[in-house]
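Note: the block below is protein.txt and it holds compact mmCIF, C-alpha atoms and all ligand atoms.
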# COMPACT_ATOMS: atom_id res chain seq x y z
CA MET Z 16 -149.06 30.94 8.33
CA PRO Z 17 -148.75 34.46 6.87
CA ALA Z 18 -151.51 37.04 7.12
CA ASP Z 19 -154.46 36.84 4.70
CA TYR Z 20 -155.34 40.43 3.81
CA HIS Z 21 -157.51 40.03 0.73
CA THR Z 22 -160.95 38.84 1.86
CA HIS Z 23 -164.51 39.93 1.22
CA THR Z 24 -167.88 40.42 2.93
CA PRO Z 25 -171.47 39.95 1.72
CA LEU Z 26 -171.72 43.73 1.21
CA CYS Z 27 -170.19 43.18 -2.25
CA ARG Z 28 -173.23 41.05 -3.23
CA HIS Z 29 -171.18 38.06 -4.35
CA ALA Z 30 -169.68 36.80 -1.06
CA GLU Z 31 -171.26 34.92 1.83
CA GLY Z 32 -170.71 34.38 5.54
CA GLU Z 33 -170.72 36.16 8.88
CA PRO Z 34 -167.76 37.97 10.47
CA GLU Z 35 -167.54 35.26 13.16
CA GLY Z 36 -167.30 32.51 10.52
CA PHE Z 37 -164.45 34.26 8.70
CA ILE Z 38 -162.57 34.82 11.97
CA ASP Z 39 -163.02 31.20 13.10
CA ALA Z 40 -161.65 30.08 9.71
CA ALA Z 41 -158.65 32.44 10.01
CA ILE Z 42 -157.83 31.08 13.46
CA ALA Z 43 -158.28 27.46 12.33
CA ALA Z 44 -155.91 28.12 9.40
CA GLY Z 45 -153.27 29.45 11.83
CA LEU Z 46 -152.94 32.82 10.08
CA SER Z 47 -150.77 35.44 11.79
CA GLU Z 48 -153.30 38.20 10.99
CA TYR Z 49 -156.63 38.54 9.22
CA GLY Z 50 -157.50 41.48 6.98
CA ILE Z 51 -160.82 42.54 5.47
CA SER Z 52 -160.68 44.25 2.09
CA ASP Z 53 -164.05 44.25 0.43
CA HIS Z 54 -164.69 45.78 -3.01
CA ALA Z 55 -164.73 49.54 -2.39
CA PRO Z 56 -167.56 51.75 -3.53
CA HIS Z 57 -166.91 53.57 -6.78
CA VAL Z 58 -168.41 56.78 -8.11
CA PRO Z 59 -170.45 58.00 -9.86
CA GLU Z 60 -173.16 55.70 -8.50
CA PRO Z 61 -174.79 53.48 -9.54
CA PHE Z 62 -171.47 52.05 -10.75
CA ASP Z 63 -171.95 48.28 -11.04
CA ASP Z 64 -173.63 45.47 -9.09
CA TRP Z 65 -170.64 43.81 -7.43
CA ARG Z 66 -169.58 46.22 -4.66
CA MET Z 67 -170.92 48.09 -1.63
CA THR Z 68 -172.32 51.57 -2.13
CA VAL Z 69 -170.95 54.71 -0.47
CA ALA Z 70 -174.05 54.66 1.79
CA GLU Z 71 -173.06 51.16 2.95
CA LEU Z 72 -169.61 52.16 4.25
CA PRO Z 73 -170.94 52.49 7.84
CA SER Z 74 -172.25 48.89 7.59
CA TYR Z 75 -168.80 47.84 6.44
CA PHE Z 76 -167.19 49.49 9.47
CA GLN Z 77 -169.71 47.68 11.69
CA TRP Z 78 -168.82 44.37 10.01
CA ILE Z 79 -165.13 45.00 10.77
CA GLU Z 80 -165.98 45.86 14.37
CA ARG Z 81 -167.96 42.62 14.75
CA ALA Z 82 -164.99 40.68 13.38
CA ARG Z 83 -162.66 42.45 15.82
CA ALA Z 84 -164.92 41.78 18.79
CA HIS Z 85 -165.06 38.06 17.93
CA ALA Z 86 -161.29 37.89 17.31
CA ALA Z 87 -160.26 39.88 20.40
CA GLY Z 88 -157.08 38.51 21.98
CA ARG Z 89 -156.84 35.71 19.39
CA ILE Z 90 -155.87 37.24 16.03
CA PRO Z 91 -155.30 40.84 14.89
CA VAL Z 92 -157.96 42.06 12.43
CA ARG Z 93 -156.86 44.69 9.91
CA ALA Z 94 -159.11 47.05 7.98
CA GLY Z 95 -158.62 47.50 4.25
CA LEU Z 96 -160.39 47.98 0.95
CA GLU Z 97 -159.93 46.57 -2.53
CA CYS Z 98 -160.14 49.69 -4.69
CA ASP Z 99 -160.71 49.67 -8.44
CA TRP Z 100 -158.15 51.41 -10.57
CA LEU Z 101 -159.77 53.19 -13.51
CA GLU Z 102 -158.72 56.17 -15.56
CA GLY Z 103 -159.29 59.30 -13.45
CA ALA Z 104 -159.87 57.42 -10.18
CA GLU Z 105 -157.12 59.17 -8.20
CA SER Z 106 -159.22 61.78 -6.43
CA TRP Z 107 -161.82 59.18 -5.44
CA ILE Z 108 -159.14 56.88 -3.99
CA VAL Z 109 -157.73 59.81 -2.00
CA ASP Z 110 -161.25 60.53 -0.73
CA LEU Z 111 -161.73 56.86 0.31
CA ALA Z 112 -158.33 56.81 2.01
CA GLY Z 113 -159.51 59.60 4.33
CA ARG Z 114 -162.77 57.93 5.36
CA HIS Z 115 -161.36 55.43 7.88
CA SER Z 116 -158.14 54.55 9.69
CA TRP Z 117 -157.26 51.88 7.14
CA ASP Z 118 -154.40 49.48 7.75
CA TYR Z 119 -153.86 49.10 4.01
CA LEU Z 120 -155.45 49.82 0.65
CA ILE Z 121 -155.34 47.27 -2.17
CA GLY Z 122 -155.41 48.41 -5.80
CA SER Z 123 -156.91 46.22 -8.52
CA VAL Z 124 -157.36 46.44 -12.26
CA HIS Z 125 -160.71 44.77 -13.01
CA TYR Z 126 -161.79 47.32 -15.63
CA LEU Z 127 -160.40 48.29 -19.01
CA GLY Z 128 -162.59 51.27 -19.87
CA ASP Z 129 -166.17 50.08 -19.35
CA TRP Z 130 -165.18 46.40 -19.56
CA ASP Z 131 -164.84 44.47 -16.28
CA PHE Z 132 -162.98 41.81 -18.20
CA ASP Z 133 -162.74 39.29 -15.33
CA HIS Z 134 -166.54 38.98 -15.05
CA PRO Z 135 -167.85 35.70 -16.52
CA LYS Z 136 -170.67 37.58 -18.29
CA TRP Z 137 -168.04 38.87 -20.74
CA LEU Z 138 -166.70 35.59 -22.14
CA GLY Z 139 -168.27 36.50 -25.50
CA ARG Z 140 -166.43 39.82 -25.60
CA TRP Z 141 -163.18 38.00 -24.88
CA ALA Z 142 -163.84 35.64 -27.79
CA GLU Z 143 -163.88 38.55 -30.24
CA SER Z 144 -160.90 40.40 -28.70
CA ASP Z 145 -157.26 40.51 -29.76
CA VAL Z 146 -155.60 38.94 -26.72
CA ASP Z 147 -152.27 40.67 -27.33
CA ALA Z 148 -154.00 44.08 -27.47
CA VAL Z 149 -155.99 43.38 -24.28
CA TRP Z 150 -152.82 42.33 -22.46
CA THR Z 151 -151.01 45.48 -23.65
CA ARG Z 152 -153.86 47.65 -22.35
CA TYR Z 153 -154.11 45.71 -19.08
CA TRP Z 154 -150.41 45.97 -18.20
CA LYS Z 155 -150.37 49.66 -19.09
CA ALA Z 156 -153.24 50.20 -16.65
CA TYR Z 157 -151.46 48.09 -14.03
CA ALA Z 158 -148.27 50.16 -14.34
CA SER Z 159 -150.22 53.42 -14.06
CA MET Z 160 -151.93 52.06 -10.93
CA ALA Z 161 -148.47 51.40 -9.46
CA ASP Z 162 -147.27 54.86 -10.54
CA SER Z 163 -150.14 56.47 -8.61
CA GLY Z 164 -148.48 55.41 -5.34
CA LEU Z 165 -151.93 55.27 -3.71
CA PHE Z 166 -151.89 51.59 -2.72
CA ASP Z 167 -150.03 49.49 -0.17
CA ILE Z 168 -150.71 46.27 -2.05
CA LEU Z 169 -151.36 45.66 -5.75
CA ALA Z 170 -153.75 42.75 -6.27
CA HIS Z 171 -153.64 39.66 -8.50
CA PRO Z 172 -150.98 41.02 -10.90
CA ASP Z 173 -151.87 38.95 -13.99
CA LEU Z 174 -155.65 38.71 -13.48
CA VAL Z 175 -155.98 39.27 -17.25
CA LYS Z 176 -155.12 35.54 -17.70
CA LYS Z 177 -158.18 34.46 -15.64
CA PHE Z 178 -160.05 32.78 -18.49
CA ALA Z 179 -156.79 31.43 -19.98
CA HIS Z 180 -156.52 34.03 -22.74
CA ILE Z 181 -152.72 34.23 -22.90
CA PRO Z 182 -150.65 35.61 -25.80
CA PRO Z 183 -148.10 33.25 -27.34
CA GLY Z 184 -144.38 33.63 -26.71
CA ASP Z 185 -142.30 35.12 -23.95
CA LEU Z 186 -144.49 37.15 -21.58
CA ASP Z 187 -141.59 39.15 -20.13
CA ARG Z 188 -142.41 41.89 -22.64
CA PHE Z 189 -145.59 42.52 -20.63
CA TYR Z 190 -144.09 41.81 -17.21
CA GLU Z 191 -140.94 43.91 -17.30
CA PRO Z 192 -142.43 47.43 -17.63
CA ALA Z 193 -144.93 46.57 -14.88
CA ILE Z 194 -142.19 45.23 -12.59
CA ASP Z 195 -140.21 48.46 -13.10
CA ALA Z 196 -143.23 50.59 -12.22
CA ILE Z 197 -144.11 48.52 -9.14
CA ALA Z 198 -140.52 48.51 -7.87
CA ALA Z 199 -140.29 52.29 -8.30
CA SER Z 200 -143.62 52.80 -6.47
CA GLY Z 201 -142.63 50.83 -3.38
CA SER Z 202 -146.03 49.07 -3.38
CA ALA Z 203 -146.15 45.37 -2.54
CA ILE Z 204 -147.84 42.71 -4.66
CA GLU Z 205 -149.91 39.75 -3.61
CA LEU Z 206 -149.63 36.09 -4.49
CA ASN Z 207 -153.35 35.36 -4.88
CA THR Z 208 -154.32 31.70 -4.58
CA ALA Z 209 -157.80 32.13 -6.14
CA GLY Z 210 -156.30 31.74 -9.62
CA TRP Z 211 -155.83 28.02 -8.96
CA TYR Z 212 -159.64 27.74 -9.04
CA LYS Z 213 -160.21 29.67 -12.28
CA THR Z 214 -159.88 28.62 -15.93
CA CYS Z 215 -156.20 29.64 -15.95
CA ALA Z 216 -155.54 27.10 -13.12
CA GLU Z 217 -152.54 29.14 -11.95
CA ALA Z 218 -152.12 31.46 -8.96
CA TYR Z 219 -151.80 35.19 -9.73
CA PRO Z 220 -149.10 36.09 -10.66
CA SER Z 221 -147.28 33.43 -12.69
CA PRO Z 222 -144.09 31.88 -11.22
CA ARG Z 223 -142.01 33.88 -13.73
CA PHE Z 224 -143.58 37.21 -12.70
CA LEU Z 225 -143.00 36.32 -9.04
CA GLU Z 226 -139.34 35.57 -9.71
CA LEU Z 227 -138.89 38.94 -11.50
CA ALA Z 228 -140.71 40.71 -8.65
CA CYS Z 229 -138.47 39.13 -6.03
CA SER Z 230 -135.32 40.06 -7.98
CA ALA Z 231 -136.60 43.65 -8.20
CA GLY Z 232 -137.05 43.81 -4.39
CA ILE Z 233 -140.87 44.05 -4.53
CA GLY Z 234 -142.55 43.10 -1.24
CA LEU Z 235 -145.05 40.24 -1.07
CA VAL Z 236 -148.20 39.23 0.74
CA ILE Z 237 -150.08 35.96 0.26
CA SER Z 238 -153.86 36.25 -0.22
CA SER Z 239 -156.82 33.94 -0.66
CA ASP Z 240 -159.30 36.52 -2.05
CA ALA Z 241 -161.85 34.63 0.07
CA HIS Z 242 -165.50 35.27 -0.76
CA ALA Z 243 -166.63 32.69 1.86
CA PRO Z 244 -165.19 31.46 5.19
CA THR Z 245 -164.21 28.11 3.63
CA GLU Z 246 -161.79 29.98 1.33
CA VAL Z 247 -159.83 31.84 4.04
CA GLY Z 248 -156.12 30.93 3.90
CA ARG Z 249 -156.85 28.48 1.09
CA ASP Z 250 -153.74 26.84 -0.42
CA PHE Z 251 -151.35 28.92 1.67
CA SER Z 252 -148.87 26.03 2.06
CA ARG Z 253 -148.72 25.62 -1.70
CA ALA Z 254 -148.34 29.41 -2.11
CA ILE Z 255 -145.49 29.52 0.43
CA GLY Z 256 -143.67 26.88 -1.63
CA LEU Z 257 -144.15 28.98 -4.77
CA ALA Z 258 -142.98 32.18 -3.05
CA LYS Z 259 -139.88 30.46 -1.71
CA ALA Z 260 -139.09 28.96 -5.12
CA ALA Z 261 -139.21 32.52 -6.52
CA GLY Z 262 -136.69 33.62 -3.89
CA TYR Z 263 -138.92 35.18 -1.23
CA ARG Z 264 -137.98 34.70 2.42
CA GLU Z 265 -140.55 36.97 4.06
CA THR Z 266 -144.02 38.44 3.64
CA LEU Z 267 -145.31 41.84 4.75
CA LEU Z 268 -147.64 42.93 7.53
CA PHE Z 269 -149.59 46.21 7.52
CA ASP Z 270 -150.80 48.27 10.47
CA GLN Z 271 -152.13 51.81 9.94
CA ARG Z 272 -150.47 51.78 6.52
CA GLN Z 273 -147.04 51.07 8.06
CA ARG Z 274 -145.31 47.88 6.95
CA ASN Z 275 -143.43 45.19 8.82
CA SER Z 276 -142.30 41.77 7.75
CA GLU Z 277 -142.52 38.22 9.02
CA PRO Z 278 -140.37 35.30 7.86
CA LEU Z 279 -141.88 32.72 5.51
CA ARG Z 280 -141.85 29.38 7.30
ZN ZN B 1 -165.13 39.77 -5.53
ZN ZN B 2 -160.00 41.54 -7.32
Would you put the structure from the file into structure tokens?
Ligand SMILES: [Zn+2]
Ligand SMILES: [Zn+2]
Amino acid sequence: MPADYHTHTPLCRHAEGEPEGFIDAAIAAGLSEYGISDHAPHVPEPFDDWRMTVAELPSYFQWIERARAHAAGRIPVRAGLECDWLEGAESWIVDLAGRHSWDYLIGSVHYLGDWDFDHPKWLGRWAESDVDAVWTRYWKAYASMADSGLFDILAHPDLVKKFAHIPPGDLDRFYEPAIDAIAASGSAIELNTAGWYKTCAEAYPSPRFLELACSAGIGLVISSDAHAPTEVGRDFSRAIGLAKAAGYRETLLFDQRQRNSEPLR
């Protein structure tokens, strides 16, 4: 199985498990590598209630070390972060990048202005929003995240569909500018299996987006976005089928922010 690089720890306040449990699950799933990428702190603090604080970074490094000690000689454990892309975040991301010898940084758009639109507490705000306008704003933010060039992997590309708010008609008008920006940036994307368990009932991104990404030469990783050991490597066989159908023949590996590839089997 490919590596699973998008996984969380209880430091984000909405995940559960111990490092040993996550590692045992990664080994049982037959993953080639395991990566930890919890929700990064964001400033100014307090920022929100679903991430570690800056003061908790040392605890995060200890968590990674515990995972590595348990995994020693059995599976490589990579160190990452899932960073939030917001207007003006560049200097903070650069600061975070210098705080550890990361293997990769993941960039995510969870916020449009002050709205963390993928949080279930906001279903009411969605109900009164113009879906087309939200999608336009989301994909613009996603493209600017790619343009920043600060991330090795760009997370869950069409997360904006999470609660099944999807504009009518051909979605290529949203996808194409984002694909161009991602391809130009050299960042990889992830095929994130968590979407199969949300209202949208579809992995992120859609099969069409994946096909466009493959044609544009954009690299791929497969991720579970696990918030508990039982979710590590979840649905990877199904995801491999989807990636192959889109034209992919390999996925990427990251070590000290250098990339390699492994064939999709
Ligand atoms: Zn989370
Ligand atoms: Zn995310």
Item to check | Neighbourhood of ligand ZN 2 (chain B) at 7 Å, counting all atoms listed in the file, reported as a PyMOL selection string | outcome: chain Z and resi 97+123+125+170-171
Can you write out as CSV which residues of chain Z fall within 8 Å of ligand ZN 1 (chain B), alongside each residue's closest atom pair and its distance in Å to one decimal, counting all atoms listed in the file and ordering rows by chain and ascending residue number?
residue,atom,partner,partner_atom,distance
Z:His23,CA,B:ZN1,ZN,6.8
Z:Cys27,CA,B:ZN1,ZN,6.9
Z:His29,CA,B:ZN1,ZN,6.4
Z:Ala30,CA,B:ZN1,ZN,7.0
Z:Asp53,CA,B:ZN1,ZN,7.5
Z:His54,CA,B:ZN1,ZN,6.5
Z:Trp65,CA,B:ZN1,ZN,7.1
Z:Arg66,CA,B:ZN1,ZN,7.9
Z:Asp240,CA,B:ZN1,ZN,7.5
Z:His242,CA,B:ZN1,ZN,6.6
Checklist entry - Out of Z:Val146, Z:Ser230, Z:Ser106, Z:Asp19, which residue has the shortest atom-to-atom distance to Z:Pro91 when counting only C-alpha atoms? => result Z:Asp19
Checklist entry - Can you tell me, as an MDAnalysis selection string, which residues sit within 12 Å of (-141.3, 33.9, -2.2) in the file's frame, using all atoms listed in the file? => result chainID Z and resid 17 204:206 220 222:230 232:237 251:267 278:280
Let's have the selection written as a short mmCIF file (atom, residue, chain, number, x, y, z; two decimals), in the frame of the given file, with C-alpha atoms.
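Full text of selection.cif as output:
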data_model
loop_
_atom_site.label_atom_id
_atom_site.label_comp_id
_atom_site.auth_asym_id
_atom_site.auth_seq_id
_atom_site.Cartn_x
_atom_site.Cartn_y
_atom_site.Cartn_z
CA PRO Z 17 -148.75 34.46 6.87
CA ILE Z 204 -147.84 42.71 -4.66
CA GLU Z 205 -149.91 39.75 -3.61
CA LEU Z 206 -149.63 36.09 -4.49
CA PRO Z 220 -149.10 36.09 -10.66
CA PRO Z 222 -144.09 31.88 -11.22
CA ARG Z 223 -142.01 33.88 -13.73
CA PHE Z 224 -143.58 37.21 -12.70
CA LEU Z 225 -143.00 36.32 -9.04
CA GLU Z 226 -139.34 35.57 -9.71
CA LEU Z 227 -138.89 38.94 -11.50
CA ALA Z 228 -140.71 40.71 -8.65
CA CYS Z 229 -138.47 39.13 -6.03
CA SER Z 230 -135.32 40.06 -7.98
CA GLY Z 232 -137.05 43.81 -4.39
CA ILE Z 233 -140.87 44.05 -4.53
CA GLY Z 234 -142.55 43.10 -1.24
CA LEU Z 235 -145.05 40.24 -1.07
CA VAL Z 236 -148.20 39.23 0.74
CA ILE Z 237 -150.08 35.96 0.26
CA PHE Z 251 -151.35 28.92 1.67
CA SER Z 252 -148.87 26.03 2.06
CA ARG Z 253 -148.72 25.62 -1.70
CA ALA Z 254 -148.34 29.41 -2.11
CA ILE Z 255 -145.49 29.52 0.43
CA GLY Z 256 -143.67 26.88 -1.63
CA LEU Z 257 -144.15 28.98 -4.77
CA ALA Z 258 -142.98 32.18 -3.05
CA LYS Z 259 -139.88 30.46 -1.71
CA ALA Z 260 -139.09 28.96 -5.12
CA ALA Z 261 -139.21 32.52 -6.52
CA GLY Z 262 -136.69 33.62 -3.89
CA TYR Z 263 -138.92 35.18 -1.23
CA ARG Z 264 -137.98 34.70 2.42
CA GLU Z 265 -140.55 36.97 4.06
CA THR Z 266 -144.02 38.44 3.64
CA LEU Z 267 -145.31 41.84 4.75
CA PRO Z 278 -140.37 35.30 7.86
CA LEU Z 279 -141.88 32.72 5.51
CA ARG Z 280 -141.85 29.38 7.30
#
Checklist entry - So which one's closest to Z:Lys136, Z:Phe178, Z:Trp150, Z:Tyr119, Z:Tyr20? Using all atoms listed in the file, please. => result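 Result for the nearest residue to Z:Lys136: Z:Phe178.
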Checklist entry - Near Z:Leu138, counting only C-alpha atoms, which residues have an atom at most 12 Å away, once you skip same-chain residues fewer than 5 positions from it, shown as number ranges by chain? => result Z: 130-133, 143-144, 177-180, 214
Checklist entry - With all atoms listed in the file as the atoms that count, which of Z:Ala209, Z:Tyr219, Z:Glu35, Z:Gly103 lies nearest to Z:Asp173? => result Z:Tyr219
Checklist entry - For Z:Trp117, which of Z:Ser163, Z:Thr245, Z:Ser276, Z:Ser52 is the closest residue, counting only C-alpha atoms? => result Z:Ser52
Next on the checklist: Calculated over all atoms listed in the file, which of the candidates Z:Ala104, Z:Ile42, Z:Ile51, Z:Ala87 has the smallest distance to Z:Ala241?
Outcome noted: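 Closest to Z:Ala241, using all atoms listed in the file: Z:Ile51.
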Checklist entry - Any idea what's packed within 9 Å of Z:Ala156, counting all atoms listed in the file, ignoring anything in its chain fewer than 6 positions away? Could you give it as a ChimeraX atom specification? => result /Z:100-102,124,127
Item to check | Protein and nucleic acid residues near (-165.1, 32.9, 10.3) (cut-off 12 Å, all atoms listed in the file) as a PyMOL selection string | outcome: chain Z and resi 22-24+31-44+49-51+81-83+85-86+90+92+241-248
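Closest approach to Z:Tyr126 among Z:Tyr157, Z:Arg114, Z:Val58, Z:Pro182 is made by Z:Tyr157 (distances from all atoms listed in the file).
With atom CA of Z:Phe189 on one side and atom CA of Z:Ala161 on the other, the separation reads 14.6 Å.
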Checklist outcome for this item: Here atom CA of Z:Val149 and atom CA of Z:Trp211 stand apart by 21.7 Å
Checklist entry - What is the distance between atom CA of Z:Arg93 and atom CA of Z:Ile79, in Å to one decimal? => result 8.3 Å
